[in-house]
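J.: Following this line is target-v5.pdb, made up of PDB, C-alpha atoms (C1' of nucleotides):
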```
ATOM      1  CA  MET A   1      69.023-109.526 -84.376
ATOM      2  CA  ARG A   2      69.840-106.137 -82.926
ATOM      3  CA  PHE A   3      67.189-103.525 -82.247
ATOM      4  CA  ALA A   4      67.182-100.205 -80.429
ATOM      5  CA  THR A   5      65.020 -97.382 -79.164
ATOM      6  CA  TRP A   6      66.024 -93.729 -79.096
ATOM      7  CA  ASN A   7      64.289 -90.469 -78.306
ATOM      8  CA  VAL A   8      66.223 -88.281 -80.734
ATOM      9  CA  ASN A   9      64.640 -84.920 -79.787
ATOM     10  CA  SER A  10      64.132 -83.853 -83.441
ATOM     11  CA  VAL A  11      65.223 -86.207 -86.209
ATOM     12  CA  LYS A  12      66.123 -83.253 -88.415
ATOM     13  CA  ALA A  13      68.390 -81.632 -85.834
ATOM     14  CA  ARG A  14      69.865 -85.056 -85.041
ATOM     15  CA  LEU A  15      70.191 -86.403 -88.583
ATOM     16  CA  PRO A  16      74.009 -86.324 -88.894
ATOM     17  CA  ARG A  17      74.345 -88.041 -85.537
ATOM     18  CA  LEU A  18      71.572 -90.520 -86.325
ATOM     19  CA  LEU A  19      73.244 -91.536 -89.587
ATOM     20  CA  ASP A  20      76.636 -91.926 -87.913
ATOM     21  CA  TRP A  21      75.061 -93.938 -85.125
ATOM     22  CA  LEU A  22      73.205 -96.219 -87.544
ATOM     23  CA  GLU A  23      76.432 -96.983 -89.399
ATOM     24  CA  LYS A  24      78.376 -97.629 -86.216
ATOM     25  CA  THR A  25      75.666 -99.556 -84.345
ATOM     26  CA  ALA A  26      74.123-101.408 -87.288
ATOM     27  CA  PRO A  27      70.749-102.159 -85.676
ATOM     28  CA  ASP A  28      68.215-104.154 -87.677
ATOM     29  CA  VAL A  29      65.251-102.248 -86.260
ATOM     30  CA  VAL A  30      65.110 -98.847 -84.553
ATOM     31  CA  CYS A  31      62.188 -97.283 -82.681
ATOM     32  CA  LEU A  32      62.457 -93.484 -82.680
ATOM     33  CA  GLN A  33      60.583 -90.904 -80.612
ATOM     34  CA  GLU A  34      60.223 -87.127 -80.629
ATOM     35  CA  THR A  35      61.026 -86.926 -84.315
ATOM     36  CA  LYS A  36      59.260 -83.532 -84.352
ATOM     37  CA  VAL A  37      58.469 -83.740 -88.043
ATOM     38  CA  ALA A  38      55.447 -84.510 -90.204
ATOM     39  CA  ALA A  39      55.564 -87.964 -91.775
ATOM     40  CA  ASP A  40      56.301 -86.544 -95.221
ATOM     41  CA  GLY A  41      59.194 -84.511 -93.832
ATOM     42  CA  PHE A  42      61.001 -87.503 -92.325
ATOM     43  CA  PRO A  43      64.489 -87.936 -93.837
ATOM     44  CA  ALA A  44      63.569 -91.340 -95.260
ATOM     45  CA  ALA A  45      65.847 -91.012 -98.282
ATOM     46  CA  GLU A  46      68.874 -90.431 -96.084
ATOM     47  CA  VAL A  47      68.284 -93.511 -93.930
ATOM     48  CA  ALA A  48      67.385 -95.505 -97.046
ATOM     49  CA  GLU A  49      70.943 -94.994 -98.247
ATOM     50  CA  LEU A  50      71.990 -97.047 -95.233
ATOM     51  CA  GLY A  51      69.518 -99.777 -96.100
ATOM     52  CA  TYR A  52      66.594 -98.833 -93.872
ATOM     53  CA  GLU A  53      62.931 -98.621 -94.696
ATOM     54  CA  THR A  54      60.948 -96.035 -92.731
ATOM     55  CA  ALA A  55      57.501 -96.009 -91.161
ATOM     56  CA  ALA A  56      56.789 -92.558 -89.731
ATOM     57  CA  HIS A  57      53.922 -90.992 -87.811
ATOM     58  CA  GLY A  58      54.218 -87.261 -87.246
ATOM     59  CA  GLN A  59      52.281 -84.084 -86.772
ATOM     60  CA  GLY A  60      54.861 -81.322 -87.183
ATOM     61  CA  ARG A  61      56.604 -79.561 -84.366
ATOM     62  CA  TRP A  62      55.607 -81.801 -81.442
ATOM     63  CA  ASN A  63      55.846 -85.518 -80.745
ATOM     64  CA  GLY A  64      56.375 -87.833 -83.708
ATOM     65  CA  VAL A  65      57.472 -91.487 -83.764
ATOM     66  CA  ALA A  66      58.985 -93.791 -86.359
ATOM     67  CA  ILE A  67      60.333 -97.272 -86.989
ATOM     68  CA  LEU A  68      63.355 -97.948 -89.178
ATOM     69  CA  SER A  69      64.023-101.482 -90.382
ATOM     70  CA  ARG A  70      66.389-103.316 -92.675
ATOM     71  CA  VAL A  71      64.661-106.673 -92.081
ATOM     72  CA  GLY A  72      61.217-105.878 -93.458
ATOM     73  CA  LEU A  73      58.507-103.415 -92.475
ATOM     74  CA  ASP A  74      54.924-104.608 -92.859
ATOM     75  CA  GLY A  75      51.534-104.030 -91.299
ATOM     76  CA  ILE A  76      52.257-100.423 -90.374
ATOM     77  CA  ARG A  77      49.767 -99.050 -87.847
ATOM     78  CA  ARG A  78      49.791 -95.401 -86.801
ATOM     79  CA  GLY A  79      48.402 -94.803 -83.344
ATOM     80  CA  PHE A  80      46.175 -97.517 -81.848
ATOM     81  CA  PRO A  81      42.429 -98.134 -81.565
ATOM     82  CA  GLY A  82      40.746 -95.831 -79.099
ATOM     83  CA  GLU A  83      43.939 -93.836 -78.549
ATOM     84  CA  PRO A  84      43.134 -90.904 -76.268
ATOM     85  CA  GLY A  85      44.008 -87.380 -77.383
ATOM     86  CA  PHE A  86      44.244 -83.922 -75.904
ATOM     87  CA  PRO A  87      41.644 -83.646 -77.228
ATOM     88  CA  ASP A  88      42.698 -85.055 -80.599
ATOM     89  CA  PRO A  89      45.137 -87.992 -80.825
ATOM     90  CA  GLU A  90      48.781 -87.008 -81.110
ATOM     91  CA  ALA A  91      51.580 -88.771 -83.000
ATOM     92  CA  ARG A  92      52.779 -90.958 -80.131
ATOM     93  CA  ALA A  93      52.652 -94.567 -81.333
ATOM     94  CA  ILE A  94      53.459 -96.522 -84.467
ATOM     95  CA  SER A  95      53.791-100.237 -84.988
ATOM     96  CA  ALA A  96      55.087-102.504 -87.700
ATOM     97  CA  VAL A  97      56.075-106.121 -88.197
ATOM     98  CA  CYS A  98      59.791-106.597 -88.813
ATOM     99  CA  ASP A  99      61.177-110.115 -89.271
ATOM    100  CA  LYS A 100      58.018-111.648 -87.733
ATOM    101  CA  ILE A 101      58.239-109.479 -84.600
ATOM    102  CA  THR A 102      55.694-106.746 -83.938
ATOM    103  CA  PHE A 103      57.482-103.567 -82.860
ATOM    104  CA  ILE A 104      55.677-100.632 -81.285
ATOM    105  CA  SER A 105      57.485 -97.321 -80.841
ATOM    106  CA  VAL A 106      55.831 -95.189 -78.170
ATOM    107  CA  TYR A 107      56.223 -91.663 -76.860
ATOM    108  CA  VAL A 108      54.096 -91.590 -73.721
ATOM    109  CA  PRO A 109      52.606 -88.203 -72.753
ATOM    110  CA  ASN A 110      54.770 -86.296 -70.282
ATOM    111  CA  GLY A 111      52.036 -85.529 -67.792
ATOM    112  CA  ARG A 112      53.573 -82.164 -66.866
ATOM    113  CA  THR A 113      52.466 -82.072 -63.205
ATOM    114  CA  PRO A 114      50.237 -84.426 -61.197
ATOM    115  CA  ASP A 115      47.501 -81.777 -60.964
ATOM    116  CA  ASP A 116      47.552 -81.003 -64.689
ATOM    117  CA  PRO A 117      44.942 -82.468 -67.067
ATOM    118  CA  HIS A 118      47.867 -83.866 -69.049
ATOM    119  CA  TYR A 119      48.591 -86.185 -66.129
ATOM    120  CA  LEU A 120      45.209 -87.894 -66.412
ATOM    121  CA  TYR A 121      45.684 -87.975 -70.167
ATOM    122  CA  LYS A 122      48.986 -89.815 -69.611
ATOM    123  CA  LEU A 123      47.367 -92.434 -67.371
ATOM    124  CA  GLU A 124      44.447 -92.965 -69.728
ATOM    125  CA  TRP A 125      46.781 -93.198 -72.727
ATOM    126  CA  LEU A 126      48.765 -95.957 -71.001
ATOM    127  CA  ARG A 127      45.583 -97.789 -70.008
ATOM    128  CA  VAL A 128      44.201 -97.858 -73.548
ATOM    129  CA  LEU A 129      47.618 -98.758 -74.969
ATOM    130  CA  GLY A 130      47.400-101.859 -72.803
ATOM    131  CA  LEU A 131      44.261-102.997 -74.602
ATOM    132  CA  THR A 132      46.129-103.071 -77.902
ATOM    133  CA  LEU A 133      49.184-104.690 -76.349
ATOM    134  CA  ALA A 134      47.036-107.496 -74.944
ATOM    135  CA  GLU A 135      45.748-108.230 -78.444
ATOM    136  CA  ASP A 136      49.201-108.017 -79.975
ATOM    137  CA  LEU A 137      50.656-110.335 -77.326
ATOM    138  CA  ALA A 138      48.083-112.966 -78.201
ATOM    139  CA  ALA A 139      49.141-112.728 -81.843
ATOM    140  CA  GLY A 140      52.877-113.324 -81.517
ATOM    141  CA  PRO A 141      56.296-111.960 -80.526
ATOM    142  CA  LEU A 142      56.117-108.343 -79.407
ATOM    143  CA  VAL A 143      58.475-105.508 -78.533
ATOM    144  CA  VAL A 144      57.167-102.237 -77.109
ATOM    145  CA  ALA A 145      59.932 -99.703 -76.831
ATOM    146  CA  GLY A 146      60.229 -96.001 -76.337
ATOM    147  CA  ASP A 147      60.080 -93.067 -73.996
ATOM    148  CA  PHE A 148      57.586 -94.026 -71.295
ATOM    149  CA  ASN A 149      58.135 -90.893 -69.211
ATOM    150  CA  VAL A 150      57.933 -93.026 -66.066
ATOM    151  CA  ALA A 151      60.739 -94.049 -63.703
ATOM    152  CA  PRO A 152      59.472 -97.418 -62.441
ATOM    153  CA  THR A 153      61.463 -97.410 -59.180
ATOM    154  CA  ASP A 154      63.275 -94.904 -56.974
ATOM    155  CA  ALA A 155      66.551 -96.333 -58.274
ATOM    156  CA  ASP A 156      65.569 -95.031 -61.703
ATOM    157  CA  VAL A 157      66.083 -91.388 -60.756
ATOM    158  CA  TRP A 158      69.301 -89.788 -59.590
ATOM    159  CA  ASP A 159      67.749 -88.452 -56.372
ATOM    160  CA  PRO A 160      64.259 -89.579 -55.346
ATOM    161  CA  ALA A 161      63.969 -86.627 -52.935
ATOM    162  CA  VAL A 162      64.234 -84.177 -55.821
ATOM    163  CA  PHE A 163      61.340 -85.857 -57.612
ATOM    164  CA  ALA A 164      58.976 -86.075 -54.654
ATOM    165  CA  GLY A 165      55.595 -84.846 -55.805
ATOM    166  CA  SER A 166      56.619 -84.720 -59.453
ATOM    167  CA  THR A 167      55.392 -86.654 -62.414
ATOM    168  CA  HIS A 168      57.299 -89.738 -63.628
ATOM    169  CA  VAL A 169      57.536 -91.273 -60.144
ATOM    170  CA  THR A 170      53.984 -91.211 -58.756
ATOM    171  CA  PRO A 171      52.320 -94.475 -57.700
ATOM    172  CA  PRO A 172      49.568 -94.232 -60.352
ATOM    173  CA  GLU A 173      52.148 -93.829 -63.110
ATOM    174  CA  ARG A 174      54.169 -96.739 -61.792
ATOM    175  CA  ALA A 175      50.994 -98.783 -61.492
ATOM    176  CA  ALA A 176      50.147 -98.024 -65.114
ATOM    177  CA  ILE A 177      53.522 -99.399 -66.178
ATOM    178  CA  ALA A 178      53.131-102.416 -63.884
ATOM    179  CA  ALA A 179      49.797-103.136 -65.554
ATOM    180  CA  LEU A 180      51.602-103.373 -68.895
ATOM    181  CA  ARG A 181      54.122-105.798 -67.420
ATOM    182  CA  ASP A 182      51.254-107.834 -65.986
ATOM    183  CA  LEU A 183      49.979-108.391 -69.516
ATOM    184  CA  GLY A 184      53.025-110.600 -70.029
ATOM    185  CA  LEU A 185      55.673-108.078 -70.980
ATOM    186  CA  THR A 186      59.188-108.185 -69.523
ATOM    187  CA  ASP A 187      61.131-105.014 -68.765
ATOM    188  CA  VAL A 188      64.406-105.868 -70.529
ATOM    189  CA  PRO A 189      67.176-104.755 -68.156
ATOM    190  CA  ALA A 190      69.843-102.691 -69.877
ATOM    191  CA  ARG A 191      73.396-102.374 -68.651
ATOM    192  CA  ALA A 192      74.808 -98.967 -67.886
ATOM    193  CA  MET A 193      78.022 -98.395 -69.829
ATOM    194  CA  LYS A 194      79.278 -96.472 -66.814
ATOM    195  CA  GLY A 195      78.104 -96.251 -63.209
ATOM    196  CA  ASP A 196      75.478 -98.282 -61.434
ATOM    197  CA  HIS A 197      72.296 -96.825 -62.902
ATOM    198  CA  PRO A 198      71.229 -97.444 -66.503
ATOM    199  CA  PHE A 199      69.843 -93.934 -66.895
ATOM    200  CA  THR A 200      68.611 -93.037 -70.370
ATOM    201  CA  TYR A 201      67.883 -89.327 -69.957
ATOM    202  CA  TRP A 202      69.901 -86.428 -68.581
ATOM    203  CA  ASP A 203      68.746 -82.818 -68.657
ATOM    204  CA  TYR A 204      70.799 -80.590 -70.930
ATOM    205  CA  ARG A 205      71.347 -78.043 -68.197
ATOM    206  CA  ALA A 206      73.771 -77.672 -65.328
ATOM    207  CA  GLY A 207      76.080 -80.509 -66.334
ATOM    208  CA  MET A 208      73.563 -83.154 -65.392
ATOM    209  CA  PHE A 209      75.023 -85.703 -67.807
ATOM    210  CA  HIS A 210      78.556 -85.253 -66.577
ATOM    211  CA  GLN A 211      77.378 -85.674 -62.991
ATOM    212  CA  ASN A 212      75.319 -88.691 -64.068
ATOM    213  CA  LYS A 213      72.166 -87.127 -62.646
ATOM    214  CA  GLY A 214      69.736 -88.906 -64.909
ATOM    215  CA  MET A 215      66.555 -90.899 -65.132
ATOM    216  CA  ARG A 216      65.665 -94.292 -66.578
ATOM    217  CA  ILE A 217      62.535 -93.472 -68.530
ATOM    218  CA  ASP A 218      63.233 -95.123 -71.899
ATOM    219  CA  HIS A 219      62.276 -98.761 -71.691
ATOM    220  CA  VAL A 220      62.108-101.938 -73.739
ATOM    221  CA  TYR A 221      59.291-104.361 -72.995
ATOM    222  CA  ALA A 222      59.312-107.739 -74.707
ATOM    223  CA  SER A 223      57.075-110.771 -74.834
ATOM    224  CA  ALA A 224      58.405-113.721 -72.833
ATOM    225  CA  ASP A 225      59.787-115.610 -75.826
ATOM    226  CA  LEU A 226      61.828-112.633 -76.940
ATOM    227  CA  ALA A 227      62.912-111.645 -73.429
ATOM    228  CA  ALA A 228      64.346-115.154 -73.034
ATOM    229  CA  ALA A 229      66.325-114.699 -76.246
ATOM    230  CA  VAL A 230      68.024-111.455 -75.173
ATOM    231  CA  THR A 231      71.804-111.852 -75.126
ATOM    232  CA  ASP A 232      72.680-108.269 -74.208
ATOM    233  CA  ALA A 233      71.116-104.883 -73.630
ATOM    234  CA  VAL A 234      72.948-101.634 -72.988
ATOM    235  CA  VAL A 235      72.349 -97.914 -72.687
ATOM    236  CA  ASP A 236      74.555 -96.304 -75.318
ATOM    237  CA  ARG A 237      75.760 -93.334 -73.297
ATOM    238  CA  GLU A 238      78.384 -92.601 -75.946
ATOM    239  CA  ALA A 239      75.515 -91.237 -78.041
ATOM    240  CA  ARG A 240      74.772 -88.686 -75.304
ATOM    241  CA  LYS A 241      78.299 -87.242 -75.495
ATOM    242  CA  GLY A 242      79.868 -84.598 -77.673
ATOM    243  CA  LYS A 243      78.393 -81.802 -79.718
ATOM    244  CA  GLY A 244      74.675 -81.655 -80.372
ATOM    245  CA  PRO A 245      73.363 -84.803 -78.678
ATOM    246  CA  SER A 246      69.780 -85.658 -77.850
ATOM    247  CA  ASP A 247      69.033 -85.429 -74.145
ATOM    248  CA  HIS A 248      68.190 -89.170 -74.294
ATOM    249  CA  ALA A 249      70.560 -92.067 -74.965
ATOM    250  CA  PRO A 250      69.590 -95.075 -77.095
ATOM    251  CA  VAL A 251      68.938 -98.491 -75.593
ATOM    252  CA  ILE A 252      70.413-101.279 -77.739
ATOM    253  CA  VAL A 253      69.205-104.880 -77.436
ATOM    254  CA  ASP A 254      70.725-108.012 -78.972
ATOM    255  CA  LEU A 255      68.609-111.105 -79.532
ATOM    256  CA  LYS A 256      69.707-114.627 -80.268
ATOM    257  CA  ARG A 257      67.455-115.279 -83.190
TER     258      ARG A 257
ATOM    259  C1'  DA B   1      64.031 -77.275 -61.925
ATOM    260  C1'  DT B   2      61.705 -71.538 -59.104
ATOM    261  C1'  DG B   3      63.255 -74.313 -66.863
ATOM    262  C1'  DC B   4      70.166 -72.966 -65.655
ATOM    263  C1'  DC B   5      69.510 -75.997 -72.325
ATOM    264  C1'  DG B   6      67.719 -77.261 -76.657
ATOM    265  C1'  DT B   7      64.176 -77.432 -80.439
ATOM    266  C1'  DG B   8      60.564 -75.574 -83.560
ATOM    267  C1'  DT B   9      58.200 -71.786 -85.286
ATOM    268  C1'  DG B  10      59.209 -67.771 -87.488
ATOM    269  C1'  DG B  11      61.904 -64.173 -88.055
ATOM    270  C1'  DG B  12      61.200 -62.823 -81.637
ATOM    271  C1'  DA B  13      59.270 -64.559 -77.810
ATOM    272  C1'  DC B  14      57.154 -68.448 -76.419
ATOM    273  C1'  DA B  15      55.584 -73.372 -75.892
ATOM    274  C1'  DC B  16      57.299 -77.486 -74.408
ATOM    275  C1'  DG B  17      60.132 -80.912 -72.309
ATOM    276  C1'  DA B  18      61.031 -84.382 -67.287
TER     277       DA B  18
END
```
Please go through the file and, once you have read it, give me the structure as structure tokens.
T.:
Amino acid sequence: MRFATWNVNSVKARLPRLLDWLEKTAPDVVCLQETKVAADGFPAAEVAELGYETAAHGQGRWNGVAILSRVGLDGIRRGFPGEPGFPDPEARAISAVCDKITFISVYVPNGRTPDDPHYLYKLEWLRVLGLTLAEDLAAGPLVVAGDFNVAPTDADVWDPAVFAGSTHVTPPERAAIAALRDLGLTDVPARAMKGDHPFTYWDYRAGMFHQNKGMRIDHVYASADLAAAVTDAVVDREARKGKGPSDHAPVIVDLKR
DNA sequence: ATGCCGTGTGGGACACGA
């Protein structure tokens, strides 16, 4: 099985590239984030032509997540119980069972700055997500993938000094991610196609991608059984190249299964 | 990064992103 996660930064703006990438990459399951479209506006017919069913959770111009699958798509759950909002819940999580694996696609709140109310919202959102993940882990194989908006270590940003005092690197954020790992989830390490750091995000501005000044903020967490079955995982930096890319690259994972 | 680019909304300037 091959699955992937990708923050596409608007599925409508990215549709031609998404379709090309699906054909070339041929994943069985894809977790998408920042689709920026209401569920009924998702281009489900277009991806269906490539053999994919769609489960989408959207709210319009902001956020939005989805799961595409060509190996079944059952038990769709939008959001999760007790999901915090700002103040109302946003479209940041969707789960479905594909080929007997529960997949959850997440778009964790950005946090903005450590003194912003959105920062506490981010921490609380991750804490409550953990409650659902603990239940899902007890039920069977689990993959949680998406844009976590946290760089777990200093090696996950291009220059730790630049990020001092910023969101994405603070100890409470890193602790929130560690708490998810402590539930029994493994951070699946992805290879970088180029360079030493498997960054998944590069700002659009100032040639950051070409200088490889990025961040590793898109992660794949898997239950132990699935983590042990991983045969390869890679950041597809090719998808960040060329005209009209997302500012995030996909992470592609192969499972012996 | 003191938002230098990109997207959505709406039909221009602004909100948001990490």
J.: Near Val8 in chain A, within 10 Å and counting all atoms listed in the file, which residues show up once chain neighbours fewer than 6 positions away are dropped, as a PyMOL selection string?
T.: chain A and resi 14-15+17-18+32-36+65+245-250
J.: Residues of chain B within 10 Å of chain A, counting all atoms listed in the file - could you list those as a PyMOL selection string?
T.: chain B and resi 1+3-9+16-18
J.: Which residues, written as a CSV table (one decimal) with C-alpha atoms, keeping the file's coordinate frame, have at least one atom at most 12 Å from Leu126 in chain A, with only C-alpha atoms (C1' of nucleotides) counted and residues fewer than 3 positions away on the same chain left out?
T.:
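Final file, out_29.csv:
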```
chain,number,residue,atom,x,y,z
A,80,PHE,CA,46.2,-97.5,-81.8
A,82,GLY,CA,40.7,-95.8,-79.1
A,83,GLU,CA,43.9,-93.8,-78.5
A,84,PRO,CA,43.1,-90.9,-76.3
A,85,GLY,CA,44.0,-87.4,-77.4
A,92,ARG,CA,52.8,-91.0,-80.1
A,93,ALA,CA,52.7,-94.6,-81.3
A,106,VAL,CA,55.8,-95.2,-78.2
A,107,TYR,CA,56.2,-91.7,-76.9
A,108,VAL,CA,54.1,-91.6,-73.7
A,109,PRO,CA,52.6,-88.2,-72.8
A,110,ASN,CA,54.8,-86.3,-70.3
A,111,GLY,CA,52.0,-85.5,-67.8
A,119,TYR,CA,48.6,-86.2,-66.1
A,120,LEU,CA,45.2,-87.9,-66.4
A,121,TYR,CA,45.7,-88.0,-70.2
A,122,LYS,CA,49.0,-89.8,-69.6
A,123,LEU,CA,47.4,-92.4,-67.4
A,129,LEU,CA,47.6,-98.8,-75.0
A,130,GLY,CA,47.4,-101.9,-72.8
A,131,LEU,CA,44.3,-103.0,-74.6
A,132,THR,CA,46.1,-103.1,-77.9
A,133,LEU,CA,49.2,-104.7,-76.3
A,148,PHE,CA,57.6,-94.0,-71.3
A,149,ASN,CA,58.1,-90.9,-69.2
A,150,VAL,CA,57.9,-93.0,-66.1
A,172,PRO,CA,49.6,-94.2,-60.4
A,173,GLU,CA,52.1,-93.8,-63.1
A,174,ARG,CA,54.2,-96.7,-61.8
A,175,ALA,CA,51.0,-98.8,-61.5
A,176,ALA,CA,50.1,-98.0,-65.1
A,177,ILE,CA,53.5,-99.4,-66.2
A,178,ALA,CA,53.1,-102.4,-63.9
A,179,ALA,CA,49.8,-103.1,-65.6
A,180,LEU,CA,51.6,-103.4,-68.9
A,181,ARG,CA,54.1,-105.8,-67.4
```
J.: Run the PyMOL selection byres ((chain A and resi 75-79) around 12) mentally over the shown coordinates, then write out the matched residues as a VMD selection string, using the chain letters and numbers from the document.
T.: chain A and resid 39 53 to 59 64 to 69 72 to 74 80 to 85 88 to 108 125 128 to 129 132 136
J.: Check what the PyMOL selection byres ((chain A and resi 25) around 10) selects in the file above and give those residues as a list in words.
T.: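 Expected selection for the PyMOL selection byres ((chain A and resi 25) around 10) here is Arg2, Phe3, Ala4, Leu19, Asp20, Trp21, Leu22, Glu23, Lys24, Ala26, Pro27, Asp28, Asp236 and Ile252 of chain A.
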J.: Those selected residues, please, written with C-alpha atoms and delivered as a CSV table (one decimal), in the frame of the given file.
T.:
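Saved result, part_27.csv, follows:
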```
chain,number,residue,atom,x,y,z
A,2,ARG,CA,69.8,-106.1,-82.9
A,3,PHE,CA,67.2,-103.5,-82.2
A,4,ALA,CA,67.2,-100.2,-80.4
A,19,LEU,CA,73.2,-91.5,-89.6
A,20,ASP,CA,76.6,-91.9,-87.9
A,21,TRP,CA,75.1,-93.9,-85.1
A,22,LEU,CA,73.2,-96.2,-87.5
A,23,GLU,CA,76.4,-97.0,-89.4
A,24,LYS,CA,78.4,-97.6,-86.2
A,26,ALA,CA,74.1,-101.4,-87.3
A,27,PRO,CA,70.7,-102.2,-85.7
A,28,ASP,CA,68.2,-104.2,-87.7
A,236,ASP,CA,74.6,-96.3,-75.3
A,252,ILE,CA,70.4,-101.3,-77.7
```
J.: Between CA of Leu185 in chain A and CA of Gly214 in chain A, what is the distance in Å, rounded to a tenth?
T.: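 Atom-to-atom, CA of Leu185 in chain A and CA of Gly214 in chain A are spaced 24.5 Å apart.
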J.: So how many Å separate CA of His219 in chain A and CA of Glu49 in chain A, to one decimal?
T.: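 Going from CA of His219 in chain A over to CA of Glu49 in chain A covers 28.2 Å.
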J.: Interatomic distance between CA of Asp147 in chain A and CA of Phe199 in chain A?
T.: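 Going from CA of Asp147 in chain A over to CA of Phe199 in chain A, I get 12.1 Å.
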J.: Skipping near chain neighbours, those fewer than 2 positions away, what residues fall within 10 Å of Val253 in chain A using all atoms listed in the file, listed as a PDB file with C-alpha atoms, in the frame of the given file?
T.:
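Below is the file that was written, around-v8.pdb:
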```pdb
ATOM      1  CA  MET A   1      69.023-109.526 -84.376  1.00  0.00           C
ATOM      2  CA  ARG A   2      69.840-106.137 -82.926  1.00  0.00           C
ATOM      3  CA  PHE A   3      67.189-103.525 -82.247  1.00  0.00           C
ATOM      4  CA  ALA A   4      67.182-100.205 -80.429  1.00  0.00           C
ATOM      5  CA  THR A   5      65.020 -97.382 -79.164  1.00  0.00           C
ATOM      6  CA  PRO A  27      70.749-102.159 -85.676  1.00  0.00           C
ATOM      7  CA  VAL A 188      64.406-105.868 -70.529  1.00  0.00           C
ATOM      8  CA  PRO A 189      67.176-104.755 -68.156  1.00  0.00           C
ATOM      9  CA  ALA A 190      69.843-102.691 -69.877  1.00  0.00           C
ATOM     10  CA  VAL A 220      62.108-101.938 -73.739  1.00  0.00           C
ATOM     11  CA  VAL A 230      68.024-111.455 -75.173  1.00  0.00           C
ATOM     12  CA  THR A 231      71.804-111.852 -75.126  1.00  0.00           C
ATOM     13  CA  ASP A 232      72.680-108.269 -74.208  1.00  0.00           C
ATOM     14  CA  ALA A 233      71.116-104.883 -73.630  1.00  0.00           C
ATOM     15  CA  VAL A 234      72.948-101.634 -72.988  1.00  0.00           C
ATOM     16  CA  VAL A 235      72.349 -97.914 -72.687  1.00  0.00           C
ATOM     17  CA  PRO A 250      69.590 -95.075 -77.095  1.00  0.00           C
ATOM     18  CA  VAL A 251      68.938 -98.491 -75.593  1.00  0.00           C
ATOM     19  CA  LEU A 255      68.609-111.105 -79.532  1.00  0.00           C
TER      20      LEU A 255
END
```
J.: Taking (58.0, -105.0, -74.9) as a centre in this file's frame and 8 Å as the limit, can you find every polymer residue with an atom that close, using all atoms listed in the file, and give them as a list in words?
T.: Leu142, Val143, Val144, Ala145, Leu185, Thr186, Asp187, Val188, Val220, Tyr221, Ala222 and Ser223 of chain A
J.: Compare A:Arg257, A:Val169, A:Pro198, A:Asp218 by their minimum atom-to-atom distance to Trp6 in chain A, counting all atoms listed in the file, and give me the closest one.
T.: A:Asp218
J.: Restrict the output to range 76-107 of chain A and C-alpha atoms, then write it as a PDB file, in the first residue's frame.
T.:
```pdb
ATOM      1  CA  ILE A  76     -16.222   8.876   7.618  1.00  0.00           C
ATOM      2  CA  ARG A  77     -15.956  11.172  10.638  1.00  0.00           C
ATOM      3  CA  ARG A  78     -15.706  14.941  10.265  1.00  0.00           C
ATOM      4  CA  GLY A  79     -13.926  16.637  13.128  1.00  0.00           C
ATOM      5  CA  PHE A  80     -13.658  14.718  16.416  1.00  0.00           C
ATOM      6  CA  PRO A  81     -15.586  14.630  19.698  1.00  0.00           C
ATOM      7  CA  GLY A  82     -15.033  17.705  21.808  1.00  0.00           C
ATOM      8  CA  GLU A  83     -13.003  19.403  19.073  1.00  0.00           C
ATOM      9  CA  PRO A  84     -12.169  22.928  20.224  1.00  0.00           C
ATOM     10  CA  GLY A  85     -13.080  25.877  18.011  1.00  0.00           C
ATOM     11  CA  PHE A  86     -12.333  29.561  17.759  1.00  0.00           C
ATOM     12  CA  PRO A  87     -14.975  29.745  19.012  1.00  0.00           C
ATOM     13  CA  ASP A  88     -16.758  27.339  16.669  1.00  0.00           C
ATOM     14  CA  PRO A  89     -15.001  24.201  15.366  1.00  0.00           C
ATOM     15  CA  GLU A  90     -13.194  24.652  12.070  1.00  0.00           C
ATOM     16  CA  ALA A  91     -12.713  22.127   9.258  1.00  0.00           C
ATOM     17  CA  ARG A  92      -9.396  20.712  10.459  1.00  0.00           C
ATOM     18  CA  ALA A  93      -9.836  16.948  10.818  1.00  0.00           C
ATOM     19  CA  ILE A  94     -11.495  14.116   8.942  1.00  0.00           C
ATOM     20  CA  SER A  95     -11.110  10.391   9.342  1.00  0.00           C
ATOM     21  CA  ALA A  96     -12.095   7.324   7.393  1.00  0.00           C
ATOM     22  CA  VAL A  97     -11.312   3.626   7.261  1.00  0.00           C
ATOM     23  CA  CYS A  98      -9.488   2.583   4.099  1.00  0.00           C
ATOM     24  CA  ASP A  99      -8.453  -1.054   3.649  1.00  0.00           C
ATOM     25  CA  LYS A 100      -8.899  -1.731   7.396  1.00  0.00           C
ATOM     26  CA  ILE A 101      -6.657   1.190   8.402  1.00  0.00           C
ATOM     27  CA  THR A 102      -8.104   4.267  10.085  1.00  0.00           C
ATOM     28  CA  PHE A 103      -6.694   7.399   8.452  1.00  0.00           C
ATOM     29  CA  ILE A 104      -7.013  10.841  10.003  1.00  0.00           C
ATOM     30  CA  SER A 105      -6.109  13.920   7.970  1.00  0.00           C
ATOM     31  CA  VAL A 106      -5.350  16.887  10.214  1.00  0.00           C
ATOM     32  CA  TYR A 107      -4.652  20.571   9.727  1.00  0.00           C
TER      33      TYR A 107
END
```
